[in-house]
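Structure data follow from final.cif (mmCIF, C-alpha atoms and all ligand atoms):
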data_structure
loop_
_atom_site.label_atom_id
_atom_site.label_comp_id
_atom_site.auth_asym_id
_atom_site.auth_seq_id
_atom_site.Cartn_x
_atom_site.Cartn_y
_atom_site.Cartn_z
CA MET S 1 0.00 0.00 0.00
CA ALA S 2 1.23 3.46 -0.82
CA GLY S 3 0.25 7.08 -0.34
CA ILE S 4 0.22 10.32 -2.28
CA TYR S 5 0.63 13.70 -0.60
CA ILE S 6 -0.19 16.91 -2.47
CA HIS S 7 1.18 20.13 -1.00
CA ILE S 8 -0.91 23.21 -1.81
CA PRO S 9 1.42 26.12 -0.99
CA PHE S 10 -1.03 28.97 -0.55
CA CYS S 11 -2.76 30.62 2.39
CA ARG S 12 -5.01 33.66 2.55
CA GLN S 13 -2.95 35.08 5.40
CA ALA S 14 -0.08 33.90 7.54
CA CYS S 15 -0.87 32.60 11.01
CA HIS S 16 1.62 34.09 13.44
CA TYR S 17 2.95 30.71 14.60
CA CYS S 18 3.29 28.91 11.28
CA ASP S 19 6.53 28.02 9.53
CA PHE S 20 5.12 25.66 6.91
CA HIS S 21 5.79 26.37 3.27
CA PHE S 22 3.13 28.65 1.76
CA SER S 23 2.69 31.93 -0.04
CA THR S 24 -0.06 34.49 0.51
CA ASN S 25 0.26 35.57 -3.10
CA LEU S 26 -2.56 33.60 -4.70
CA LYS S 27 -2.13 34.77 -8.26
CA ASN S 28 -0.21 31.68 -9.40
CA GLN S 29 -2.81 29.27 -8.13
CA GLU S 30 -3.95 27.95 -11.50
CA GLU S 31 -0.38 27.70 -12.79
CA MET S 32 0.58 25.82 -9.63
CA VAL S 33 -2.26 23.33 -10.02
CA ASN S 34 -1.17 22.67 -13.59
CA ALA S 35 2.43 22.18 -12.48
CA ILE S 36 1.44 19.77 -9.71
CA ALA S 37 -0.73 17.83 -12.15
CA LYS S 38 2.31 17.61 -14.41
CA GLU S 39 4.51 16.44 -11.55
CA ILE S 40 1.94 13.73 -10.77
CA GLU S 41 2.28 12.49 -14.33
CA ASP S 42 6.07 12.93 -14.48
CA ARG S 43 6.56 10.86 -11.33
CA LYS S 44 3.93 8.23 -11.99
CA LEU S 45 6.47 5.44 -11.67
CA TYR S 46 7.61 6.54 -8.23
CA VAL S 47 5.23 4.24 -6.37
CA LYS S 48 4.29 0.94 -7.91
CA GLU S 49 1.97 -0.28 -5.17
CA ASP S 50 -1.74 0.46 -5.01
CA VAL S 51 -2.46 3.84 -3.47
CA SER S 52 -4.72 3.63 -0.41
CA THR S 53 -4.37 7.18 0.88
CA ILE S 54 -4.37 10.56 -0.83
CA TYR S 55 -3.77 13.64 1.29
CA PHE S 56 -4.13 17.29 0.33
CA GLY S 57 -2.07 19.28 2.82
CA GLY S 58 -0.57 22.72 2.94
CA GLY S 59 -0.89 25.60 3.10
CA THR S 60 -4.62 25.66 2.66
CA PRO S 61 -5.90 23.12 0.13
CA SER S 62 -9.50 24.18 0.76
CA LEU S 63 -8.89 27.42 -1.06
CA LEU S 64 -8.57 25.53 -4.35
CA THR S 65 -11.71 25.54 -6.47
CA PRO S 66 -13.53 22.23 -6.96
CA GLU S 67 -12.35 22.31 -10.59
CA GLN S 68 -8.72 22.61 -9.50
CA LEU S 69 -9.07 19.80 -6.98
CA ASN S 70 -10.75 17.72 -9.65
CA LYS S 71 -7.86 18.30 -12.01
CA LEU S 72 -5.42 16.93 -9.43
CA LEU S 73 -7.60 13.96 -8.52
CA THR S 74 -8.10 13.14 -12.18
CA ALA S 75 -4.33 13.16 -12.74
CA ILE S 76 -3.84 10.84 -9.77
CA ASN S 77 -6.56 8.47 -10.95
CA GLU S 78 -5.13 8.41 -14.46
CA HIS S 79 -1.59 7.61 -13.44
CA PHE S 80 -1.85 5.46 -10.32
CA SER S 81 -3.69 2.37 -9.27
CA ILE S 82 -6.07 3.44 -6.51
CA THR S 83 -7.73 1.06 -4.05
CA ASP S 84 -11.53 0.99 -3.94
CA ASN S 85 -11.74 2.23 -0.37
CA VAL S 86 -9.06 4.90 -0.70
CA GLU S 87 -8.94 7.52 2.07
CA VAL S 88 -8.90 10.99 0.52
CA THR S 89 -8.20 13.74 3.06
CA LEU S 90 -8.32 17.47 2.54
CA GLU S 91 -7.00 19.95 5.07
CA ALA S 92 -9.52 22.75 5.29
CA ASN S 93 -9.79 26.09 6.95
CA PRO S 94 -13.20 27.01 8.35
CA GLU S 95 -13.62 30.13 6.22
CA ASP S 96 -13.68 27.98 3.07
CA LEU S 97 -16.30 25.46 4.10
CA THR S 98 -19.53 27.02 2.94
CA LYS S 99 -22.28 24.52 2.32
CA ASP S 100 -21.83 24.75 -1.46
CA HIS S 101 -18.07 24.31 -1.31
CA SER S 102 -18.41 21.41 1.13
CA GLN S 103 -20.91 19.74 -1.19
CA ALA S 104 -18.70 20.27 -4.23
CA ILE S 105 -15.62 18.72 -2.63
CA PHE S 106 -17.64 15.87 -1.16
CA ASP S 107 -18.96 15.13 -4.65
CA LEU S 108 -15.37 14.84 -5.90
CA GLY S 109 -14.83 11.80 -3.66
CA ILE S 110 -12.95 13.55 -0.86
CA ASN S 111 -14.07 11.50 2.13
CA ARG S 112 -12.11 12.91 5.07
CA LEU S 113 -11.64 16.49 6.24
CA SER S 114 -9.02 17.80 8.60
CA LEU S 115 -10.33 21.09 9.90
CA GLY S 116 -8.09 23.68 11.56
CA MET S 117 -10.19 24.96 14.46
CA GLN S 118 -7.29 25.60 16.88
CA THR S 119 -9.34 27.15 19.73
CA PHE S 120 -12.87 28.29 20.47
CA ASP S 121 -11.58 31.53 21.95
CA ASP S 122 -12.11 34.36 19.43
CA GLU S 123 -9.62 36.63 21.11
CA LYS S 124 -6.88 34.01 20.77
CA LEU S 125 -7.83 33.19 17.20
CA ASN S 126 -7.43 36.84 16.36
CA TRP S 127 -4.13 37.04 18.28
CA MET S 128 -2.78 34.09 16.27
CA ASN S 129 -3.92 35.82 13.06
CA ARG S 130 -6.42 33.11 12.16
CA ILE S 131 -9.07 34.43 9.76
CA HIS S 132 -12.06 32.67 11.28
CA SER S 133 -14.04 32.98 14.50
CA ALA S 134 -15.08 30.05 16.69
CA ASN S 135 -18.64 30.29 15.39
CA GLU S 136 -17.42 30.15 11.81
CA SER S 137 -15.49 26.96 12.68
CA ILE S 138 -18.60 25.38 14.12
CA ASN S 139 -20.65 26.40 11.08
CA ALA S 140 -17.99 24.95 8.78
CA TYR S 141 -18.06 21.68 10.68
CA GLU S 142 -21.85 21.56 10.49
CA ASN S 143 -21.82 22.37 6.79
CA ALA S 144 -19.42 19.48 6.18
CA ARG S 145 -21.56 17.12 8.22
CA SER S 146 -24.76 18.18 6.49
CA VAL S 147 -23.44 17.29 3.03
CA GLY S 148 -22.34 13.82 4.15
CA PHE S 149 -18.77 13.95 5.50
CA ALA S 150 -18.62 11.05 7.96
CA ASN S 151 -14.93 11.28 8.82
CA ILE S 152 -13.82 14.64 10.18
CA SER S 153 -10.69 15.45 12.13
CA LEU S 154 -10.41 18.66 14.14
CA ASP S 155 -7.17 20.38 15.19
CA LEU S 156 -6.73 22.07 18.54
CA ILE S 157 -3.76 23.99 19.91
CA TYR S 158 -2.77 23.87 23.58
CA ALA S 159 -0.16 25.81 25.55
CA ILE S 160 -1.38 29.13 24.15
CA PRO S 161 0.11 31.97 26.23
CA ASP S 162 -2.33 33.58 28.67
CA HIS S 163 -4.96 30.98 27.88
CA SER S 164 -6.03 29.69 31.25
CA ARG S 165 -6.36 26.04 32.12
CA LYS S 166 -10.07 26.67 32.42
CA ARG S 167 -10.19 27.92 28.83
CA TRP S 168 -8.26 24.87 27.69
CA HIS S 169 -10.74 22.57 29.41
CA LYS S 170 -13.55 24.51 27.75
CA ASP S 171 -11.88 24.04 24.34
CA LEU S 172 -11.75 20.30 24.95
CA GLN S 173 -15.38 20.17 26.05
CA SER S 174 -16.44 22.18 23.02
CA ILE S 175 -14.57 19.96 20.59
CA VAL S 176 -15.90 16.74 22.07
CA ALA S 177 -19.44 18.18 22.00
CA LEU S 178 -19.14 18.43 18.22
CA ASP S 179 -18.56 14.66 18.09
CA PRO S 180 -15.80 14.43 15.45
CA GLU S 181 -14.22 11.10 14.53
CA HIS S 182 -10.68 12.30 15.11
CA ILE S 183 -8.82 15.04 16.99
CA SER S 184 -5.23 16.25 16.60
CA LEU S 185 -3.61 18.25 19.39
CA TYR S 186 -0.59 20.45 18.90
CA GLY S 187 1.34 22.36 21.53
CA LEU S 188 2.08 25.91 20.40
CA THR S 189 5.75 26.07 19.57
CA ILE S 190 7.49 29.31 18.74
CA GLU S 191 9.51 29.05 15.54
CA ASP S 192 12.25 31.52 14.76
CA LYS S 193 11.08 32.77 11.39
CA THR S 194 7.54 33.60 12.41
CA VAL S 195 5.82 36.66 13.84
CA PHE S 196 5.67 34.90 17.21
CA GLY S 197 9.41 34.24 16.95
CA LYS S 198 9.97 37.96 16.53
CA TRP S 199 7.58 38.80 19.34
CA GLU S 200 9.45 36.43 21.61
CA ARG S 201 12.79 38.02 20.72
CA ASP S 202 11.23 41.45 21.36
CA LYS S 203 9.95 40.19 24.73
CA LYS S 204 6.33 40.69 23.66
CA LEU S 205 5.52 37.03 24.03
CA VAL S 206 6.48 34.54 26.71
CA GLN S 207 6.01 30.85 26.03
CA VAL S 208 3.91 28.77 28.37
CA PRO S 209 6.26 27.01 30.82
CA ASP S 210 6.93 23.33 30.05
CA ASP S 211 5.23 22.06 33.18
CA GLU S 212 2.02 23.96 32.38
CA ALA S 213 2.10 22.71 28.76
CA ALA S 214 2.60 19.16 30.09
CA GLU S 215 -0.32 19.56 32.49
CA GLN S 216 -2.63 20.67 29.67
CA TYR S 217 -1.49 17.81 27.45
CA LEU S 218 -1.92 15.13 30.11
CA PHE S 219 -5.34 16.48 31.03
CA ALA S 220 -6.35 16.24 27.37
CA ILE S 221 -5.20 12.63 27.09
CA ASP S 222 -7.40 11.59 30.02
CA PHE S 223 -10.31 13.72 28.93
CA LEU S 224 -10.31 12.41 25.38
CA LYS S 225 -9.98 8.83 26.56
CA GLU S 226 -13.02 9.27 28.81
CA ASN S 227 -14.86 10.53 25.77
CA GLY S 228 -14.13 7.58 23.51
CA PHE S 229 -10.95 8.66 21.70
CA THR S 230 -7.96 6.35 21.55
CA GLN S 231 -4.59 8.02 21.51
CA TYR S 232 -2.75 6.22 18.74
CA GLU S 233 0.13 8.68 18.45
CA VAL S 234 1.60 11.58 20.44
CA SER S 235 -0.67 14.16 18.76
CA ASN S 236 -3.48 12.03 17.37
CA PHE S 237 -6.67 10.66 18.86
CA GLY S 238 -9.37 8.77 17.01
CA LYS S 239 -12.50 6.77 17.50
CA GLU S 240 -12.11 3.12 16.57
CA GLY S 241 -11.96 2.70 12.80
CA PHE S 242 -11.04 6.35 12.27
CA HIS S 243 -7.30 6.45 12.83
CA SER S 244 -5.71 8.32 9.96
CA ARG S 245 -4.55 5.92 7.30
CA HIS S 246 -2.30 8.61 5.91
CA ASN S 247 -0.49 8.99 9.24
CA ASN S 248 -0.19 5.25 9.69
CA ALA S 249 1.31 4.87 6.23
CA TYR S 250 4.02 7.39 7.11
CA TRP S 251 4.87 5.72 10.37
CA SER S 252 4.89 2.21 8.99
CA GLY S 253 7.49 3.11 6.36
CA ALA S 254 5.14 2.65 3.37
CA PRO S 255 6.22 4.35 0.15
CA TYR S 256 4.63 7.67 -0.66
CA LEU S 257 4.96 10.28 -3.34
CA GLY S 258 4.81 13.92 -2.26
CA VAL S 259 4.09 16.46 -5.00
CA GLY S 260 4.11 20.25 -4.91
CA PRO S 261 6.71 22.67 -3.55
CA GLY S 262 8.22 21.55 -0.26
CA ALA S 263 6.67 18.06 -0.39
CA HIS S 264 8.70 15.01 0.65
CA SER S 265 8.65 11.51 -0.81
CA PHE S 266 9.90 8.14 0.39
CA ASP S 267 10.54 5.15 -1.83
CA GLY S 268 9.68 2.62 0.89
CA ALA S 269 13.28 1.40 1.05
CA ASN S 270 15.98 3.94 1.80
CA ILE S 271 15.62 7.08 -0.32
CA ARG S 272 13.85 10.24 0.73
CA SER S 273 13.43 13.15 -1.64
CA PHE S 274 12.61 16.75 -0.83
CA ASN S 275 10.99 19.06 -3.35
CA VAL S 276 12.31 22.60 -3.60
CA ARG S 277 10.56 24.80 -1.01
CA ASN S 278 9.99 27.79 -3.25
CA ASN S 279 6.95 28.30 -5.47
CA ALA S 280 8.69 30.20 -8.27
CA LYS S 281 11.61 27.76 -8.48
CA TYR S 282 9.24 24.81 -8.40
CA LEU S 283 7.10 26.19 -11.23
CA LYS S 284 10.13 26.95 -13.35
CA ALA S 285 11.72 23.54 -12.82
CA VAL S 286 8.56 21.53 -13.48
CA GLU S 287 7.93 23.52 -16.62
CA ALA S 288 11.50 22.91 -17.81
CA ASN S 289 11.35 19.18 -16.94
CA ALA S 290 14.25 19.78 -14.58
CA GLU S 291 14.74 17.84 -11.40
CA HIS S 292 13.28 19.87 -8.54
CA TRP S 293 14.14 17.72 -5.57
CA GLU S 294 17.11 16.65 -3.53
CA GLU S 295 17.62 13.09 -2.47
CA GLU S 296 18.95 11.61 0.69
CA VAL S 297 20.03 7.99 0.79
CA LEU S 298 19.51 6.67 4.28
CA SER S 299 22.05 4.35 5.86
CA SER S 300 20.79 1.26 7.59
CA ALA S 301 21.36 2.93 10.99
CA GLN S 302 19.38 5.99 9.88
CA ARG S 303 16.46 3.78 8.80
CA ILE S 304 16.46 1.97 12.13
CA ASN S 305 16.66 5.26 14.02
CA GLU S 306 13.72 6.61 12.06
CA GLN S 307 11.75 3.53 13.08
CA ILE S 308 12.68 4.16 16.69
CA LEU S 309 11.73 7.84 16.47
CA THR S 310 8.38 7.33 14.75
CA GLY S 311 7.56 4.03 16.48
CA LEU S 312 7.96 5.44 19.97
CA ARG S 313 5.50 8.19 19.11
CA THR S 314 2.78 5.59 18.40
CA ARG S 315 0.77 3.48 20.79
CA ASN S 316 2.38 0.31 19.36
CA GLY S 317 5.83 1.45 20.40
CA ILE S 318 8.86 -0.33 18.96
CA ASP S 319 9.63 -4.01 18.60
CA LEU S 320 12.94 -4.32 20.44
CA LEU S 321 13.68 -7.80 19.10
CA ALA S 322 13.18 -6.69 15.50
CA ILE S 323 15.46 -3.70 16.06
CA GLU S 324 18.08 -5.88 17.69
CA GLN S 325 17.96 -8.26 14.73
CA GLN S 326 18.28 -5.42 12.22
CA SER S 327 21.00 -3.53 14.05
CA GLY S 328 22.92 -6.38 15.66
CA MET S 329 22.86 -4.34 18.86
CA ASP S 330 21.58 -5.80 22.12
CA ILE S 331 19.36 -2.88 23.17
CA HIS S 332 18.25 -4.62 26.37
CA ARG S 333 21.77 -5.05 27.60
CA LYS S 334 23.17 -1.75 26.30
CA HIS S 335 20.35 0.34 27.76
CA GLN S 336 19.32 -1.77 30.75
CA THR S 337 19.97 0.97 33.32
CA PHE S 338 18.27 3.64 31.25
CA LEU S 339 15.22 1.45 30.55
CA ASN S 340 14.91 0.55 34.24
CA GLU S 341 15.07 4.21 35.15
CA MET S 342 12.41 5.17 32.58
CA ASN S 343 10.26 2.32 33.83
CA SER S 344 10.49 3.37 37.45
CA LEU S 345 9.60 6.96 36.47
CA GLY S 346 6.41 5.62 34.85
CA LEU S 347 7.43 6.80 31.38
CA ILE S 348 7.60 3.45 29.57
CA GLU S 349 6.40 -0.11 29.74
CA ILE S 350 7.84 -3.18 28.12
CA SER S 351 5.24 -5.67 27.05
CA ASP S 352 6.52 -8.83 25.33
CA GLN S 353 9.18 -7.42 23.09
CA ASN S 354 7.56 -4.02 22.64
CA LEU S 355 8.78 -0.85 24.26
CA ILE S 356 5.77 1.42 24.62
CA LEU S 357 5.62 4.94 26.00
CA LYS S 358 3.06 5.82 28.65
CA ALA S 359 1.22 9.16 28.57
CA LYS S 360 3.95 10.96 30.51
CA GLY S 361 6.55 9.30 28.29
CA PHE S 362 4.99 10.92 25.21
CA LEU S 363 6.11 14.26 26.64
CA VAL S 364 9.72 13.19 26.20
CA ALA S 365 9.32 10.77 23.30
CA ASP S 366 12.05 12.35 21.18
CA GLU S 367 14.54 12.45 24.06
CA ILE S 368 13.95 8.77 24.83
CA ALA S 369 14.30 7.88 21.16
CA LEU S 370 17.60 9.75 20.93
CA ARG S 371 19.02 7.71 23.79
CA LEU S 372 18.13 4.47 21.99
CA PHE S 373 19.51 5.41 18.57
CA VAL S 374 21.90 2.90 17.08
CA PRO S 375 25.28 4.31 16.06
CA GLU S 376 26.37 4.58 12.43
S1 LIG S 401 -1.42 27.35 10.01
FE1 LIG S 401 -2.33 26.64 8.12
S2 LIG S 401 -3.58 28.40 7.42
FE2 LIG S 401 -2.16 29.20 8.96
S3 LIG S 401 -0.41 29.93 7.74
FE3 LIG S 401 0.05 27.83 8.38
S4 LIG S 401 -0.59 26.54 6.69
FE4 LIG S 401 -1.57 28.55 6.44
#
So that I can check it, write out the structure of this file as structure tokens.
Ligand code: SF4
Amino acid sequence: MAGIYIHIPFCRQACHYCDFHFSTNLKNQEEMVNAIAKEIEDRKLYVKEDVSTIYFGGGTPSLLTPEQLNKLLTAINEHFSITDNVEVTLEANPEDLTKDHSQAIFDLGINRLSLGMQTFDDEKLNWMNRIHSANESINAYENARSVGFANISLDLIYAIPDHSRKRWHKDLQSIVALDPEHISLYGLTIEDKTVFGKWERDKKLVQVPDDEAAEQYLFAIDFLKENGFTQYEVSNFGKEGFHSRHNNAYWSGAPYLGVGPGAHSFDGANIRSFNVRNNAKYLKAVEANAEHWEEEVLSSAQRINEQILTGLRTRNGIDLLAIEQQSGMDIHRKHQTFLNEMNSLGLIEISDQNLILKAKGFLVADEIALRLFVPE
């Protein structure tokens, strides 16, 4: 099974925390869609397996017209073998999901929406430079439901400065009341090249302390569990049968083709490629049939370390025996003291051969992974 990711590099305005690749200059939208459709055709041999997940990410894919989305889906259908029950996800911003637009994209066969709600606090939405209000988010969700979307994921942000714990609990209650199939939680991180990065340097913004962020995260894990959501990864919670296939494909090491500026691809073995992260350069290169990506060939140790990093972030954890067999390293013996320590701190559990992180362990998943990395 394989996946296709389509990066739509446009947004109406820049959220103050975001460092994804996008442009707020929308005038090249049609040209970009044509270039991405061409890249889909040009790279049609990249994945040979059947495609079971298609994901429109960004940027803001919901600002494409139904005709533009149709052009991309048609190119994918023409050049790849698609499974009958393919999951087709579109990231959407609330301001785009009118009833008519929701209906039009539903009619194209898009069967999963990932909706960026972020918070139900209008003041904070405005502060983060989001375009929509909380009410507009709720209306968008209801529009999507009313036209037939039966698989909707909602994003929430925690650890927002000056957002009280009470407000965070209210956000969680509000999101659960909507009854989505899936919820993604992200802690607000301050990236250098963003408005928030500048505000932090200018001492106009102070990040939420780590212990408060941890408290909000751990509260959410319990709250969502009580409300029927299984945490299947650090940031992702789903009702049974609604865990994102796209995410799972990434974590399981399945091959995927990423098209559009800034998109990544993986051949399922050991080569990752990274498309140029610049709209103008991408358009020029695709037009000229020039290569517009860089490749990285992963060593065997890098592949194993990726498995450790991504595996530990999931509820299945990592299979220590399999890693020992691949790496030739006796992880149990080499890290016995460390594993015992993590165990006694209540951060991990070892069940059969699997090392699994507990809720508190997810807070330090990357640090634990780093300690277990196999050397080159
Ligand atoms: S958060 Fe989403 S909508 Fe906001 S700038 Fe980033 S990609 Fe665009």
_Using all atoms listed in the file, can you tell me which of S:Asn143, S:Thr74, S:Ser102, S:Thr194 comes closest to ligand LIG 401 (chain S)?_
S:Thr194
Nearby residues, (-9.4, 6.3, 19.2) file frame, 12 Å, all atoms listed in the file, as a compact mmCIF listing (two decimals) with C-alpha atoms, in the coordinates of the input:
# COMPACT_ATOMS: atom_id res chain seq x y z
CA SER S 153 -10.69 15.45 12.13
CA PRO S 180 -15.80 14.43 15.45
CA GLU S 181 -14.22 11.10 14.53
CA HIS S 182 -10.68 12.30 15.11
CA ILE S 183 -8.82 15.04 16.99
CA SER S 184 -5.23 16.25 16.60
CA ILE S 221 -5.20 12.63 27.09
CA LEU S 224 -10.31 12.41 25.38
CA LYS S 225 -9.98 8.83 26.56
CA GLU S 226 -13.02 9.27 28.81
CA ASN S 227 -14.86 10.53 25.77
CA GLY S 228 -14.13 7.58 23.51
CA PHE S 229 -10.95 8.66 21.70
CA THR S 230 -7.96 6.35 21.55
CA GLN S 231 -4.59 8.02 21.51
CA TYR S 232 -2.75 6.22 18.74
CA GLU S 233 0.13 8.68 18.45
CA SER S 235 -0.67 14.16 18.76
CA ASN S 236 -3.48 12.03 17.37
CA PHE S 237 -6.67 10.66 18.86
CA GLY S 238 -9.37 8.77 17.01
CA LYS S 239 -12.50 6.77 17.50
CA GLU S 240 -12.11 3.12 16.57
CA GLY S 241 -11.96 2.70 12.80
CA PHE S 242 -11.04 6.35 12.27
CA HIS S 243 -7.30 6.45 12.83
CA SER S 244 -5.71 8.32 9.96
CA ARG S 315 0.77 3.48 20.79
*For ligand LIG 401 (chain S), which residue out of S:Thr65, S:Asn77, S:Gln29, S:Ser114 is the nearest one, using only C-alpha atoms and all ligand atoms?*
S:Ser114
Around ligand LIG 401 (chain S), at most 10 Å away and counting all atoms listed in the file, which residues are there? Put them as a CSV table (one decimal) with C-alpha atoms, keeping the file's coordinate frame, please.
chain,number,residue,atom,x,y,z
S,8,ILE,CA,-0.9,23.2,-1.8
S,9,PRO,CA,1.4,26.1,-1.0
S,10,PHE,CA,-1.0,29.0,-0.6
S,11,CYS,CA,-2.8,30.6,2.4
S,12,ARG,CA,-5.0,33.7,2.6
S,13,GLN,CA,-3.0,35.1,5.4
S,14,ALA,CA,-0.1,33.9,7.5
S,15,CYS,CA,-0.9,32.6,11.0
S,16,HIS,CA,1.6,34.1,13.4
S,17,TYR,CA,3.0,30.7,14.6
S,18,CYS,CA,3.3,28.9,11.3
S,19,ASP,CA,6.5,28.0,9.5
S,20,PHE,CA,5.1,25.7,6.9
S,21,HIS,CA,5.8,26.4,3.3
S,22,PHE,CA,3.1,28.6,1.8
S,23,SER,CA,2.7,31.9,0.0
S,24,THR,CA,-0.1,34.5,0.5
S,57,GLY,CA,-2.1,19.3,2.8
S,58,GLY,CA,-0.6,22.7,2.9
S,59,GLY,CA,-0.9,25.6,3.1
S,60,THR,CA,-4.6,25.7,2.7
S,61,PRO,CA,-5.9,23.1,0.1
S,62,SER,CA,-9.5,24.2,0.8
S,91,GLU,CA,-7.0,20.0,5.1
S,92,ALA,CA,-9.5,22.8,5.3
S,93,ASN,CA,-9.8,26.1,7.0
S,94,PRO,CA,-13.2,27.0,8.4
S,115,LEU,CA,-10.3,21.1,9.9
S,116,GLY,CA,-8.1,23.7,11.6
S,118,GLN,CA,-7.3,25.6,16.9
S,128,MET,CA,-2.8,34.1,16.3
S,129,ASN,CA,-3.9,35.8,13.1
S,130,ARG,CA,-6.4,33.1,12.2
S,131,ILE,CA,-9.1,34.4,9.8
S,194,THR,CA,7.5,33.6,12.4
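Across the model, the gap from atom CA of Lys281 of chain S to atom CA of Ala75 of chain S is 22.0 Å.
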_Separation of atom CA of Ile110 of chain S from atom CA of Asp50 of chain S in Å_ =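 These atoms are spaced 17.7 Å apart.
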Using the file's own x, y and z axes, so that the box edges lie along x, y and z, what centre and edge lengths in Å (one decimal) does a box around every listed atom of segment 125-143 of chain S get when 3 Å is added on each side? Give it as AutoDock Vina command-line options.
--center_x -12.3 --center_y 29.3 --center_z 12.5 --size_x 25.1 --size_y 21.5 --size_z 17.5
*Between S:Val364, S:Ile331, S:Leu257, S:Val176, which one has atoms that come closest to Asp210 of chain S, using all atoms listed in the file?*
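For Asp210 of chain S, the nearest of the candidates is S:Val364.
Nearest residue to Leu97 of chain S among S:Glu349, S:Glu142, S:Asp211, S:Glu30 is S:Glu142, counting only C-alpha atoms.
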*To one decimal place, how far is atom CA of Val286 of chain S from atom CA of Ala249 of chain S in Å?*
26.8 Å
*Skip Leu205 of chain S itself and residues of its chain fewer than 5 positions away, then list as a ChimeraX atom specification all residues within 8 Å of it, counting only C-alpha atoms.*
/S:161,196,199-200
